[in-house]
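A.B. asks: Handing over coords.pdb, PDB, C-alpha atoms, pLDDT in the B column.
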```pdb
ATOM      1  CA  GLY O   1     -49.384  78.817  20.272  1.00 69.00           C
ATOM      2  CA  GLU O   2     -46.794  81.457  20.961  1.00 76.00           C
ATOM      3  CA  ASN O   3     -45.801  83.832  18.189  1.00 84.00           C
ATOM      4  CA  VAL O   4     -42.661  85.950  18.474  1.00 90.00           C
ATOM      5  CA  GLU O   5     -41.896  88.806  16.115  1.00 93.00           C
ATOM      6  CA  GLN O   6     -38.439  90.333  16.023  1.00 96.00           C
ATOM      7  CA  HIS O   7     -37.343  93.632  14.492  1.00 97.00           C
ATOM      8  CA  PRO O   8     -35.323  94.746  12.692  1.00 97.00           C
ATOM      9  CA  SER O   9     -34.095  91.816  10.616  1.00 96.00           C
ATOM     10  CA  THR O  10     -30.819  93.608   9.914  1.00 97.00           C
ATOM     11  CA  LEU O  11     -29.104  96.370  11.820  1.00 98.00           C
ATOM     12  CA  SER O  12     -25.899  98.176  10.977  1.00 98.00           C
ATOM     13  CA  VAL O  13     -24.251 100.529  13.455  1.00 98.00           C
ATOM     14  CA  GLN O  14     -20.968 102.319  13.822  1.00 98.00           C
ATOM     15  CA  GLU O  15     -18.563 101.073  16.463  1.00 97.00           C
ATOM     16  CA  GLY O  16     -19.326 102.778  19.747  1.00 97.00           C
ATOM     17  CA  ASP O  17     -22.973 103.395  18.938  1.00 97.00           C
ATOM     18  CA  SER O  18     -25.877 101.644  20.645  1.00 98.00           C
ATOM     19  CA  ALA O  19     -28.019  98.910  19.113  1.00 98.00           C
ATOM     20  CA  VAL O  20     -31.582  98.040  20.037  1.00 98.00           C
ATOM     21  CA  ILE O  21     -33.477  94.931  18.959  1.00 98.00           C
ATOM     22  CA  LYS O  22     -37.159  94.539  19.761  1.00 98.00           C
ATOM     23  CA  CYS O  23     -39.412  91.516  20.118  1.00 97.00           C
ATOM     24  CA  THR O  24     -43.109  91.113  20.710  1.00 96.00           C
ATOM     25  CA  TYR O  25     -44.857  87.968  21.862  1.00 93.00           C
ATOM     26  CA  SER O  26     -48.448  86.836  21.828  1.00 89.00           C
ATOM     27  CA  ASP O  27     -48.889  84.440  24.748  1.00 86.00           C
ATOM     28  CA  SER O  28     -49.449  86.299  27.998  1.00 86.00           C
ATOM     29  CA  ALA O  29     -48.527  83.101  29.875  1.00 85.00           C
ATOM     30  CA  SER O  30     -44.924  83.343  28.686  1.00 87.00           C
ATOM     31  CA  ASN O  31     -42.632  84.151  31.578  1.00 88.00           C
ATOM     32  CA  TYR O  32     -39.078  83.564  30.385  1.00 90.00           C
ATOM     33  CA  PHE O  33     -37.369  85.638  27.700  1.00 94.00           C
ATOM     34  CA  PRO O  34     -33.831  84.703  26.687  1.00 95.00           C
ATOM     35  CA  TRP O  35     -31.587  86.285  24.076  1.00 97.00           C
ATOM     36  CA  TYR O  36     -29.104  84.199  22.118  1.00 97.00           C
ATOM     37  CA  LYS O  37     -26.152  85.322  20.043  1.00 97.00           C
ATOM     38  CA  GLN O  38     -25.023  83.266  17.075  1.00 96.00           C
ATOM     39  CA  GLU O  39     -21.743  84.119  15.440  1.00 95.00           C
ATOM     40  CA  LEU O  40     -21.197  83.033  11.872  1.00 91.00           C
ATOM     41  CA  GLY O  41     -20.918  79.251  11.658  1.00 88.00           C
ATOM     42  CA  LYS O  42     -21.210  78.844  15.403  1.00 92.00           C
ATOM     43  CA  ARG O  43     -23.830  77.622  17.831  1.00 96.00           C
ATOM     44  CA  PRO O  44     -26.316  79.976  19.518  1.00 96.00           C
ATOM     45  CA  GLN O  45     -25.249  81.017  22.999  1.00 96.00           C
ATOM     46  CA  LEU O  46     -27.280  82.664  25.718  1.00 96.00           C
ATOM     47  CA  ILE O  47     -26.163  86.219  26.403  1.00 97.00           C
ATOM     48  CA  ILE O  48     -28.877  87.433  28.744  1.00 97.00           C
ATOM     49  CA  ASP O  49     -32.342  86.467  29.896  1.00 95.00           C
ATOM     50  CA  ILE O  50     -35.160  87.977  31.880  1.00 94.00           C
ATOM     51  CA  ARG O  51     -38.099  86.559  33.747  1.00 90.00           C
ATOM     52  CA  SER O  52     -41.544  88.064  33.971  1.00 83.00           C
ATOM     53  CA  ASN O  53     -41.159  89.257  37.544  1.00 83.00           C
ATOM     54  CA  VAL O  54     -38.391  91.648  36.492  1.00 82.00           C
ATOM     55  CA  GLY O  55     -38.655  94.733  34.279  1.00 91.00           C
ATOM     56  CA  GLU O  56     -35.009  95.207  33.417  1.00 94.00           C
ATOM     57  CA  LYS O  57     -31.745  93.341  33.668  1.00 94.00           C
ATOM     58  CA  LYS O  58     -28.264  94.521  32.855  1.00 96.00           C
ATOM     59  CA  ASP O  59     -24.965  92.760  32.312  1.00 94.00           C
ATOM     60  CA  GLN O  60     -22.103  95.121  31.456  1.00 96.00           C
ATOM     61  CA  ARG O  61     -22.859  96.521  27.987  1.00 97.00           C
ATOM     62  CA  ILE O  62     -25.987  94.424  27.497  1.00 98.00           C
ATOM     63  CA  ALA O  63     -29.412  95.087  28.943  1.00 98.00           C
ATOM     64  CA  VAL O  64     -32.862  93.653  28.412  1.00 97.00           C
ATOM     65  CA  THR O  65     -36.155  95.349  29.213  1.00 97.00           C
ATOM     66  CA  LEU O  66     -39.553  93.720  29.486  1.00 96.00           C
ATOM     67  CA  ASN O  67     -42.988  95.279  29.240  1.00 95.00           C
ATOM     68  CA  LYS O  68     -45.474  92.588  30.160  1.00 92.00           C
ATOM     69  CA  THR O  69     -48.494  94.777  29.597  1.00 93.00           C
ATOM     70  CA  ALA O  70     -47.491  95.514  26.034  1.00 94.00           C
ATOM     71  CA  LYS O  71     -45.968  92.047  25.585  1.00 94.00           C
ATOM     72  CA  HIS O  72     -42.683  93.243  24.241  1.00 95.00           C
ATOM     73  CA  PHE O  73     -39.053  93.018  25.284  1.00 97.00           C
ATOM     74  CA  SER O  74     -35.907  94.572  23.942  1.00 98.00           C
ATOM     75  CA  LEU O  75     -32.173  93.977  23.844  1.00 98.00           C
ATOM     76  CA  HIS O  76     -29.918  96.986  24.249  1.00 98.00           C
ATOM     77  CA  ILE O  77     -26.224  96.872  23.460  1.00 98.00           C
ATOM     78  CA  THR O  78     -24.197  99.942  24.314  1.00 97.00           C
ATOM     79  CA  GLU O  79     -20.719 100.914  23.121  1.00 98.00           C
ATOM     80  CA  THR O  80     -20.881  98.330  20.352  1.00 98.00           C
ATOM     81  CA  GLN O  81     -17.708  96.623  19.217  1.00 97.00           C
ATOM     82  CA  PRO O  82     -16.934  94.704  15.999  1.00 96.00           C
ATOM     83  CA  GLU O  83     -17.080  91.436  17.947  1.00 96.00           C
ATOM     84  CA  ASP O  84     -20.743  92.167  18.678  1.00 98.00           C
ATOM     85  CA  SER O  85     -21.428  91.450  15.010  1.00 98.00           C
ATOM     86  CA  ALA O  86     -23.621  88.342  14.932  1.00 97.00           C
ATOM     87  CA  VAL O  87     -27.200  87.160  14.605  1.00 96.00           C
ATOM     88  CA  TYR O  88     -29.280  87.753  17.710  1.00 98.00           C
ATOM     89  CA  PHE O  89     -32.373  85.704  18.500  1.00 96.00           C
ATOM     90  CA  CYS O  90     -35.024  86.458  21.062  1.00 96.00           C
ATOM     91  CA  ALA O  91     -37.313  83.785  22.458  1.00 93.00           C
ATOM     92  CA  ALA O  92     -40.380  83.548  24.659  1.00 91.00           C
ATOM     93  CA  THR O  93     -41.523  80.592  26.669  1.00 83.00           C
ATOM     94  CA  GLY O  94     -43.304  79.577  29.807  1.00 68.00           C
ATOM     95  CA  ARG O  95     -44.822  76.712  31.710  1.00 62.00           C
ATOM     96  CA  ASN O  96     -47.987  76.852  29.650  1.00 57.00           C
ATOM     97  CA  THR O  97     -46.354  77.596  26.324  1.00 49.00           C
ATOM     98  CA  ASN O  98     -46.997  74.523  24.222  1.00 53.00           C
ATOM     99  CA  ALA O  99     -45.522  72.089  26.680  1.00 48.00           C
ATOM    100  CA  GLY O 100     -42.454  74.142  27.300  1.00 46.00           C
ATOM    101  CA  LYS O 101     -41.105  74.804  23.860  1.00 58.00           C
ATOM    102  CA  SER O 102     -39.406  78.083  23.135  1.00 66.00           C
ATOM    103  CA  THR O 103     -40.533  80.130  20.233  1.00 81.00           C
ATOM    104  CA  PHE O 104     -37.649  81.993  18.677  1.00 90.00           C
ATOM    105  CA  GLY O 105     -37.842  85.198  16.711  1.00 92.00           C
ATOM    106  CA  ASP O 106     -36.484  85.165  13.162  1.00 92.00           C
ATOM    107  CA  GLY O 107     -33.222  86.774  14.205  1.00 95.00           C
ATOM    108  CA  THR O 108     -31.498  90.125  13.733  1.00 97.00           C
ATOM    109  CA  THR O 109     -28.209  90.339  11.889  1.00 96.00           C
ATOM    110  CA  LEU O 110     -26.159  93.008  13.637  1.00 98.00           C
ATOM    111  CA  THR O 111     -23.158  94.466  11.855  1.00 98.00           C
ATOM    112  CA  VAL O 112     -20.850  96.768  13.757  1.00 97.00           C
ATOM    113  CA  LYS O 113     -18.639  98.798  11.456  1.00 96.00           C
ATOM    114  CA  PRO O 114     -15.202  99.719  12.782  1.00 92.00           C
TER     115      PRO O 114
ATOM    116  CA  ASP Y   1     -17.614  74.269  24.925  1.00 87.00           C
ATOM    117  CA  SER Y   2     -21.289  73.809  25.837  1.00 85.00           C
ATOM    118  CA  GLY Y   3     -20.919  70.182  26.879  1.00 93.00           C
ATOM    119  CA  VAL Y   4     -23.374  69.085  24.181  1.00 97.00           C
ATOM    120  CA  THR Y   5     -21.871  66.797  21.553  1.00 97.00           C
ATOM    121  CA  GLN Y   6     -23.318  66.316  18.107  1.00 98.00           C
ATOM    122  CA  THR Y   7     -22.180  63.925  15.419  1.00 97.00           C
ATOM    123  CA  PRO Y   8     -21.552  63.976  12.579  1.00 98.00           C
ATOM    124  CA  LYS Y   9     -20.482  67.600  12.064  1.00 97.00           C
ATOM    125  CA  HIS Y  10     -21.007  67.387   8.324  1.00 97.00           C
ATOM    126  CA  LEU Y  11     -23.001  64.986   6.222  1.00 97.00           C
ATOM    127  CA  ILE Y  12     -23.541  64.898   2.473  1.00 98.00           C
ATOM    128  CA  THR Y  13     -26.091  62.541   1.030  1.00 97.00           C
ATOM    129  CA  ALA Y  14     -28.478  62.112  -1.868  1.00 97.00           C
ATOM    130  CA  THR Y  15     -32.203  62.653  -2.184  1.00 98.00           C
ATOM    131  CA  GLY Y  16     -34.267  59.727  -1.005  1.00 97.00           C
ATOM    132  CA  GLN Y  17     -31.678  58.591   1.508  1.00 98.00           C
ATOM    133  CA  ARG Y  18     -31.941  58.301   5.277  1.00 98.00           C
ATOM    134  CA  VAL Y  19     -29.567  59.711   7.878  1.00 98.00           C
ATOM    135  CA  THR Y  20     -29.277  59.660  11.633  1.00 98.00           C
ATOM    136  CA  LEU Y  21     -27.960  62.568  13.673  1.00 98.00           C
ATOM    137  CA  ARG Y  22     -26.751  61.938  17.170  1.00 98.00           C
ATOM    138  CA  CYS Y  23     -26.675  64.148  20.242  1.00 98.00           C
ATOM    139  CA  SER Y  24     -25.216  63.672  23.696  1.00 98.00           C
ATOM    140  CA  PRO Y  25     -26.554  66.231  26.182  1.00 97.00           C
ATOM    141  CA  ARG Y  26     -24.632  67.935  28.959  1.00 96.00           C
ATOM    142  CA  SER Y  27     -24.009  65.731  31.921  1.00 94.00           C
ATOM    143  CA  GLY Y  28     -27.090  65.807  34.130  1.00 91.00           C
ATOM    144  CA  ASP Y  29     -29.420  67.430  31.596  1.00 93.00           C
ATOM    145  CA  LEU Y  30     -32.603  65.457  31.065  1.00 93.00           C
ATOM    146  CA  SER Y  31     -34.144  67.586  28.300  1.00 92.00           C
ATOM    147  CA  VAL Y  32     -32.998  67.383  24.695  1.00 95.00           C
ATOM    148  CA  TYR Y  33     -34.287  69.653  21.960  1.00 93.00           C
ATOM    149  CA  TRP Y  34     -33.811  69.470  18.205  1.00 95.00           C
ATOM    150  CA  TYR Y  35     -33.842  72.565  16.010  1.00 94.00           C
ATOM    151  CA  GLN Y  36     -33.498  73.037  12.273  1.00 95.00           C
ATOM    152  CA  GLN Y  37     -31.790  76.093  10.845  1.00 94.00           C
ATOM    153  CA  SER Y  38     -31.950  76.496   7.083  1.00 90.00           C
ATOM    154  CA  LEU Y  39     -29.759  78.995   5.247  1.00 79.00           C
ATOM    155  CA  ASP Y  40     -30.404  82.506   6.537  1.00 70.00           C
ATOM    156  CA  GLN Y  41     -33.331  81.221   8.554  1.00 76.00           C
ATOM    157  CA  GLY Y  42     -34.180  81.225  12.196  1.00 86.00           C
ATOM    158  CA  LEU Y  43     -34.291  78.330  14.603  1.00 90.00           C
ATOM    159  CA  GLN Y  44     -37.248  76.076  13.903  1.00 90.00           C
ATOM    160  CA  PHE Y  45     -38.177  73.869  16.825  1.00 89.00           C
ATOM    161  CA  LEU Y  46     -38.635  70.238  15.862  1.00 93.00           C
ATOM    162  CA  ILE Y  47     -39.070  68.177  19.006  1.00 93.00           C
ATOM    163  CA  GLN Y  48     -38.204  67.904  22.700  1.00 91.00           C
ATOM    164  CA  TYR Y  49     -37.568  64.867  24.856  1.00 93.00           C
ATOM    165  CA  TYR Y  50     -37.391  64.767  28.616  1.00 91.00           C
ATOM    166  CA  ASN Y  51     -35.904  61.746  30.346  1.00 93.00           C
ATOM    167  CA  GLY Y  52     -36.756  59.456  27.471  1.00 94.00           C
ATOM    168  CA  GLU Y  53     -40.287  60.693  26.831  1.00 93.00           C
ATOM    169  CA  GLU Y  54     -41.483  62.989  24.057  1.00 92.00           C
ATOM    170  CA  ARG Y  55     -42.352  66.294  25.721  1.00 88.00           C
ATOM    171  CA  ALA Y  56     -43.213  68.730  22.953  1.00 86.00           C
ATOM    172  CA  LYS Y  57     -43.501  68.675  19.213  1.00 87.00           C
ATOM    173  CA  GLY Y  58     -42.983  71.496  16.766  1.00 86.00           C
ATOM    174  CA  ASN Y  59     -43.163  71.559  12.993  1.00 82.00           C
ATOM    175  CA  ILE Y  60     -41.492  68.222  12.538  1.00 91.00           C
ATOM    176  CA  LEU Y  61     -42.192  66.445   9.267  1.00 94.00           C
ATOM    177  CA  GLU Y  62     -43.587  62.928   9.293  1.00 95.00           C
ATOM    178  CA  ARG Y  63     -40.422  61.818   7.476  1.00 97.00           C
ATOM    179  CA  PHE Y  64     -38.470  62.830  10.568  1.00 97.00           C
ATOM    180  CA  SER Y  65     -38.456  61.001  13.856  1.00 96.00           C
ATOM    181  CA  ALA Y  66     -36.457  61.136  17.043  1.00 97.00           C
ATOM    182  CA  GLN Y  67     -35.915  59.292  20.255  1.00 97.00           C
ATOM    183  CA  GLN Y  68     -34.057  59.636  23.517  1.00 97.00           C
ATOM    184  CA  PHE Y  69     -32.360  56.599  24.938  1.00 97.00           C
ATOM    185  CA  PRO Y  70     -31.950  55.497  28.585  1.00 95.00           C
ATOM    186  CA  ASP Y  71     -28.465  56.996  28.676  1.00 95.00           C
ATOM    187  CA  LEU Y  72     -30.151  60.301  27.604  1.00 96.00           C
ATOM    188  CA  HIS Y  73     -28.469  60.607  24.246  1.00 97.00           C
ATOM    189  CA  SER Y  74     -30.840  61.377  21.410  1.00 98.00           C
ATOM    190  CA  GLU Y  75     -31.024  60.588  17.735  1.00 98.00           C
ATOM    191  CA  LEU Y  76     -32.854  62.431  14.985  1.00 98.00           C
ATOM    192  CA  ASN Y  77     -33.718  60.269  11.993  1.00 98.00           C
ATOM    193  CA  LEU Y  78     -34.381  61.952   8.665  1.00 98.00           C
ATOM    194  CA  SER Y  79     -35.728  59.759   5.860  1.00 97.00           C
ATOM    195  CA  SER Y  80     -36.748  60.132   2.211  1.00 97.00           C
ATOM    196  CA  LEU Y  81     -34.513  63.164   2.148  1.00 98.00           C
ATOM    197  CA  GLU Y  82     -35.336  66.086  -0.115  1.00 97.00           C
ATOM    198  CA  LEU Y  83     -33.192  68.987  -1.273  1.00 96.00           C
ATOM    199  CA  GLY Y  84     -35.073  71.259   1.099  1.00 94.00           C
ATOM    200  CA  ASP Y  85     -33.930  69.241   4.086  1.00 96.00           C
ATOM    201  CA  SER Y  86     -30.442  70.656   3.667  1.00 96.00           C
ATOM    202  CA  ALA Y  87     -29.856  72.616   6.844  1.00 96.00           C
ATOM    203  CA  LEU Y  88     -27.942  72.900  10.067  1.00 96.00           C
ATOM    204  CA  TYR Y  89     -29.509  70.720  12.723  1.00 97.00           C
ATOM    205  CA  PHE Y  90     -28.883  71.759  16.308  1.00 97.00           C
ATOM    206  CA  CYS Y  91     -29.379  69.762  19.411  1.00 97.00           C
ATOM    207  CA  ALA Y  92     -29.720  71.584  22.706  1.00 95.00           C
ATOM    208  CA  SER Y  93     -30.071  70.390  26.252  1.00 94.00           C
ATOM    209  CA  SER Y  94     -31.306  71.825  29.502  1.00 90.00           C
ATOM    210  CA  GLU Y  95     -31.831  70.585  32.993  1.00 84.00           C
ATOM    211  CA  ARG Y  96     -35.452  71.615  33.169  1.00 75.00           C
ATOM    212  CA  TYR Y  97     -38.700  69.923  32.181  1.00 72.00           C
ATOM    213  CA  THR Y  98     -40.038  73.182  30.807  1.00 69.00           C
ATOM    214  CA  ASN Y  99     -37.873  75.456  28.756  1.00 68.00           C
ATOM    215  CA  THR Y 100     -37.571  78.224  31.275  1.00 74.00           C
ATOM    216  CA  GLY Y 101     -33.842  78.061  31.591  1.00 81.00           C
ATOM    217  CA  GLU Y 102     -30.776  78.292  29.425  1.00 88.00           C
ATOM    218  CA  LEU Y 103     -30.515  76.026  26.416  1.00 91.00           C
ATOM    219  CA  PHE Y 104     -27.023  74.681  25.756  1.00 94.00           C
ATOM    220  CA  PHE Y 105     -26.549  74.118  22.046  1.00 96.00           C
ATOM    221  CA  GLY Y 106     -24.228  71.715  20.350  1.00 97.00           C
ATOM    222  CA  GLU Y 107     -22.093  72.753  17.382  1.00 97.00           C
ATOM    223  CA  GLY Y 108     -24.681  71.419  14.967  1.00 97.00           C
ATOM    224  CA  SER Y 109     -24.757  68.849  12.195  1.00 98.00           C
ATOM    225  CA  ARG Y 110     -24.687  70.333   8.728  1.00 97.00           C
ATOM    226  CA  LEU Y 111     -26.689  68.205   6.320  1.00 97.00           C
ATOM    227  CA  THR Y 112     -26.358  68.674   2.595  1.00 97.00           C
ATOM    228  CA  VAL Y 113     -28.764  66.797   0.354  1.00 97.00           C
ATOM    229  CA  LEU Y 114     -27.708  66.628  -3.294  1.00 96.00           C
TER     230      LEU Y 114
END
```
Can you dump the structure from the file as structure tokens?

C.D. replies:
Amino acid sequence: GENVEQHPSTLSVQEGDSAVIKCTYSDSASNYFPWYKQELGKRPQLIIDIRSNVGEKKDQRIAVTLNKTAKHFSLHITETQPEDSAVYFCAATGRNTNAGKSTFGDGTTLTVKP
Amino acid sequence: DSGVTQTPKHLITATGQRVTLRCSPRSGDLSVYWYQQSLDQGLQFLIQYYNGEERAKGNILERFSAQQFPDLHSELNLSSLELGDSALYFCASSERYTNTGELFFGEGSRLTVL
């Protein structure tokens, strides 16, 4: 089955700096890579996703890059703000990935210091 | 508001007991997923239903079972509860058969086993 590794597990940055979270996956059939943000005590919410036919996608201060050859994808947050502090999860899935289930990474706790 | 409703929000029970968690998906979504999130842990996939049928199974214990009813709501039954079953249980829904689109999570049901 799919295996997703996420690094780092914790990340602390100063407000205004950039943050990068990286994930690798094992199943080359995976073709959908979402990122979810979970604030403390809240539900996970999708913040950005990318499909395998695209190498990069950007939405304001958030961007995701995908390298299918190397089987890794990354989340980039620029000009970080205290409200970016949360746990971020990556996931990988596809039509052939164990009947459609997503495999989530273990999460990265991002702390943005004011 | 994701449109996914989970009840109860909190539940405290004793070891050996049985509980039922309920989930109503977003209007129109046919897929329902159940995830377990233990303290400081990631999202562990338990099971997926699509239009009443079991679609995919993760690391769900034999003491746990689920079903999706004709009106598309789903229930997760946890029996012979152990201390280690204490966790936040999330339900998520999506419109797709395969998980290649956004998952909409409910607020979760926090189970405490004493």

A.B. asks: Apply the ChimeraX specification (/O :<8) & /Y to the file shown and report the selected residues as a PyMOL selection string.

C.D. replies: chain Y and resi 41-45+48+55-56+90+97-108

A.B. asks: Return the single residue from Y:Asp1, Y:Tyr35, Y:Asp40, Y:Ile12 that is closest to Thr10 (chain O), with distances computed using all atoms listed in the file.

C.D. replies: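 Residue with the minimum atom-to-atom distance to Thr10 (chain O): Y:Asp40.
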
A.B. asks: Between CA of Ser9 (chain O) and CA of Thr65 (chain O), measure the distance and give it in Å to one decimal.

C.D. replies: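 Separating CA of Ser9 (chain O) from CA of Thr65 (chain O) is a distance of 19.0 Å.
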
A.B. asks: Selected by the PyMOL selection byres ((chain Y and resi 83) around 12) in the shown coordinates: which residues, as a list in words?

C.D. replies: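 Residues picked by the PyMOL selection byres ((chain Y and resi 83) around 12): Ile12, Thr13, Ala14, Thr15, Gly16, Gln17, Ser38, Ser79, Ser80, Leu81, Glu82, Gly84, Asp85, Ser86, Ala87, Leu111, Thr112, Val113 and Leu114 of chain Y.
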
A.B. asks: I need the output of the PyMOL selection byres ((chain O and resi 68-79) around 8) for this file as JSON, numbers by chain; which residues are they?

C.D. replies: {"O": [15, 16, 17, 18, 19, 20, 21, 22, 23, 24, 25, 26, 28, 33, 35, 52, 61, 62, 63, 64, 65, 66, 67, 80, 81]}

A.B. asks: Can you tell me, as a PyMOL selection string, which residues sit within 10 Å of (-26.3, 59.5, 28.4) in the file's frame, using only C-alpha atoms?

C.D. replies: chain Y and resi 23-30+68-74

A.B. asks: Restricting it to C-alpha atoms, dump the selection as a PDB file, in the frame of the given file.

C.D. replies:
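Output saved as selection-v3.pdb:
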```pdb
ATOM      1  CA  CYS Y  23     -26.675  64.148  20.242  1.00 98.00           C
ATOM      2  CA  SER Y  24     -25.216  63.672  23.696  1.00 98.00           C
ATOM      3  CA  PRO Y  25     -26.554  66.231  26.182  1.00 97.00           C
ATOM      4  CA  ARG Y  26     -24.632  67.935  28.959  1.00 96.00           C
ATOM      5  CA  SER Y  27     -24.009  65.731  31.921  1.00 94.00           C
ATOM      6  CA  GLY Y  28     -27.090  65.807  34.130  1.00 91.00           C
ATOM      7  CA  ASP Y  29     -29.420  67.430  31.596  1.00 93.00           C
ATOM      8  CA  LEU Y  30     -32.603  65.457  31.065  1.00 93.00           C
ATOM      9  CA  GLN Y  68     -34.057  59.636  23.517  1.00 97.00           C
ATOM     10  CA  PHE Y  69     -32.360  56.599  24.938  1.00 97.00           C
ATOM     11  CA  PRO Y  70     -31.950  55.497  28.585  1.00 95.00           C
ATOM     12  CA  ASP Y  71     -28.465  56.996  28.676  1.00 95.00           C
ATOM     13  CA  LEU Y  72     -30.151  60.301  27.604  1.00 96.00           C
ATOM     14  CA  HIS Y  73     -28.469  60.607  24.246  1.00 97.00           C
ATOM     15  CA  SER Y  74     -30.840  61.377  21.410  1.00 98.00           C
TER      16      SER Y  74
END
```

A.B. asks: At what distance in Å, to one decimal, does CA of Glu95 (chain Y) lie from CA of Thr20 (chain Y)?

C.D. replies: 24.1 Å

A.B. asks: Grab the CA of Leu78 (chain Y) to CA of Gln6 (chain Y) distance for me, in Å with one decimal place.

C.D. replies: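 Between CA of Leu78 (chain Y) and CA of Gln6 (chain Y) the gap works out to 15.2 Å.
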
A.B. asks: May I have the residues within 8 Å of Pro8 (chain Y) as number ranges by chain, using all atoms listed in the file and disregarding those fewer than 6 positions away in the same chain?

C.D. replies: Y: 21-22, 109

A.B. asks: Within 6 Å of (-36.8, 68.9, 26.4) in the file's own coordinates, which protein, DNA or RNA residues have an atom, counting only C-alpha atoms? List them as a PDB file with C-alpha atoms, in the frame of the given file.

C.D. replies:
```pdb
ATOM      1  CA  SER Y  31     -34.144  67.586  28.300  1.00 92.00           C
ATOM      2  CA  VAL Y  32     -32.998  67.383  24.695  1.00 95.00           C
ATOM      3  CA  TYR Y  33     -34.287  69.653  21.960  1.00 93.00           C
ATOM      4  CA  GLN Y  48     -38.204  67.904  22.700  1.00 91.00           C
ATOM      5  CA  TYR Y  49     -37.568  64.867  24.856  1.00 93.00           C
ATOM      6  CA  TYR Y  50     -37.391  64.767  28.616  1.00 91.00           C
TER       7      TYR Y  50
END
```

A.B. asks: Have a look at O:Gln60, O:Ser12, O:Gln38, O:Asn53 and name the one nearest to Leu110 (chain O); count only C-alpha atoms.

C.D. replies: O:Ser12

A.B. asks: Rebuild region 13-25 of chain O so that it carries N, CA, C and O atoms, then output the result as a PDB file, in the coordinates of the input.

C.D. replies:
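This went into part.pdb:
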```
ATOM      1  N   VAL O  13     -24.592  99.380  12.622  1.00 98.00           N
ATOM      2  CA  VAL O  13     -24.251 100.529  13.455  1.00 98.00           C
ATOM      3  C   VAL O  13     -22.753 100.775  13.376  1.00 98.00           C
ATOM      4  O   VAL O  13     -21.975  99.883  13.003  1.00 98.00           O
ATOM      5  N   GLN O  14     -22.375 101.973  13.765  1.00 98.00           N
ATOM      6  CA  GLN O  14     -20.968 102.319  13.822  1.00 98.00           C
ATOM      7  C   GLN O  14     -20.423 101.903  15.181  1.00 98.00           C
ATOM      8  O   GLN O  14     -21.148 101.980  16.197  1.00 98.00           O
ATOM      9  N   GLU O  15     -19.188 101.456  15.198  1.00 97.00           N
ATOM     10  CA  GLU O  15     -18.563 101.073  16.463  1.00 97.00           C
ATOM     11  C   GLU O  15     -18.714 102.188  17.488  1.00 97.00           C
ATOM     12  O   GLU O  15     -18.492 103.365  17.187  1.00 97.00           O
ATOM     13  N   GLY O  16     -19.130 101.801  18.678  1.00 97.00           N
ATOM     14  CA  GLY O  16     -19.326 102.778  19.747  1.00 97.00           C
ATOM     15  C   GLY O  16     -20.769 103.226  19.897  1.00 97.00           C
ATOM     16  O   GLY O  16     -21.146 103.744  20.959  1.00 97.00           O
ATOM     17  N   ASP O  17     -21.553 103.041  18.853  1.00 97.00           N
ATOM     18  CA  ASP O  17     -22.973 103.395  18.938  1.00 97.00           C
ATOM     19  C   ASP O  17     -23.742 102.313  19.700  1.00 97.00           C
ATOM     20  O   ASP O  17     -23.208 101.241  20.005  1.00 97.00           O
ATOM     21  N   SER O  18     -25.004 102.618  19.988  1.00 98.00           N
ATOM     22  CA  SER O  18     -25.877 101.644  20.645  1.00 98.00           C
ATOM     23  C   SER O  18     -26.719 100.915  19.612  1.00 98.00           C
ATOM     24  O   SER O  18     -26.978 101.431  18.520  1.00 98.00           O
ATOM     25  N   ALA O  19     -27.140  99.706  19.971  1.00 98.00           N
ATOM     26  CA  ALA O  19     -28.019  98.910  19.113  1.00 98.00           C
ATOM     27  C   ALA O  19     -29.199  98.433  19.947  1.00 98.00           C
ATOM     28  O   ALA O  19     -29.031  98.046  21.109  1.00 98.00           O
ATOM     29  N   VAL O  20     -30.377  98.484  19.344  1.00 98.00           N
ATOM     30  CA  VAL O  20     -31.582  98.040  20.037  1.00 98.00           C
ATOM     31  C   VAL O  20     -32.343  97.085  19.138  1.00 98.00           C
ATOM     32  O   VAL O  20     -32.586  97.381  17.967  1.00 98.00           O
ATOM     33  N   ILE O  21     -32.698  95.937  19.677  1.00 98.00           N
ATOM     34  CA  ILE O  21     -33.477  94.931  18.959  1.00 98.00           C
ATOM     35  C   ILE O  21     -34.744  94.680  19.770  1.00 98.00           C
ATOM     36  O   ILE O  21     -34.676  94.524  20.993  1.00 98.00           O
ATOM     37  N   LYS O  22     -35.880  94.647  19.065  1.00 98.00           N
ATOM     38  CA  LYS O  22     -37.159  94.539  19.761  1.00 98.00           C
ATOM     39  C   LYS O  22     -37.912  93.272  19.375  1.00 98.00           C
ATOM     40  O   LYS O  22     -37.864  92.839  18.218  1.00 98.00           O
ATOM     41  N   CYS O  23     -38.593  92.706  20.355  1.00 97.00           N
ATOM     42  CA  CYS O  23     -39.412  91.516  20.118  1.00 97.00           C
ATOM     43  C   CYS O  23     -40.764  91.675  20.775  1.00 97.00           C
ATOM     44  O   CYS O  23     -40.869  92.281  21.851  1.00 97.00           O
ATOM     45  N   THR O  24     -41.786  91.168  20.116  1.00 96.00           N
ATOM     46  CA  THR O  24     -43.109  91.113  20.710  1.00 96.00           C
ATOM     47  C   THR O  24     -43.539  89.655  20.757  1.00 96.00           C
ATOM     48  O   THR O  24     -43.114  88.837  19.939  1.00 96.00           O
ATOM     49  N   TYR O  25     -44.367  89.341  21.743  1.00 93.00           N
ATOM     50  CA  TYR O  25     -44.857  87.968  21.862  1.00 93.00           C
ATOM     51  C   TYR O  25     -46.359  87.994  22.045  1.00 93.00           C
ATOM     52  O   TYR O  25     -46.952  89.030  22.379  1.00 93.00           O
TER      53      TYR O  25
END
```
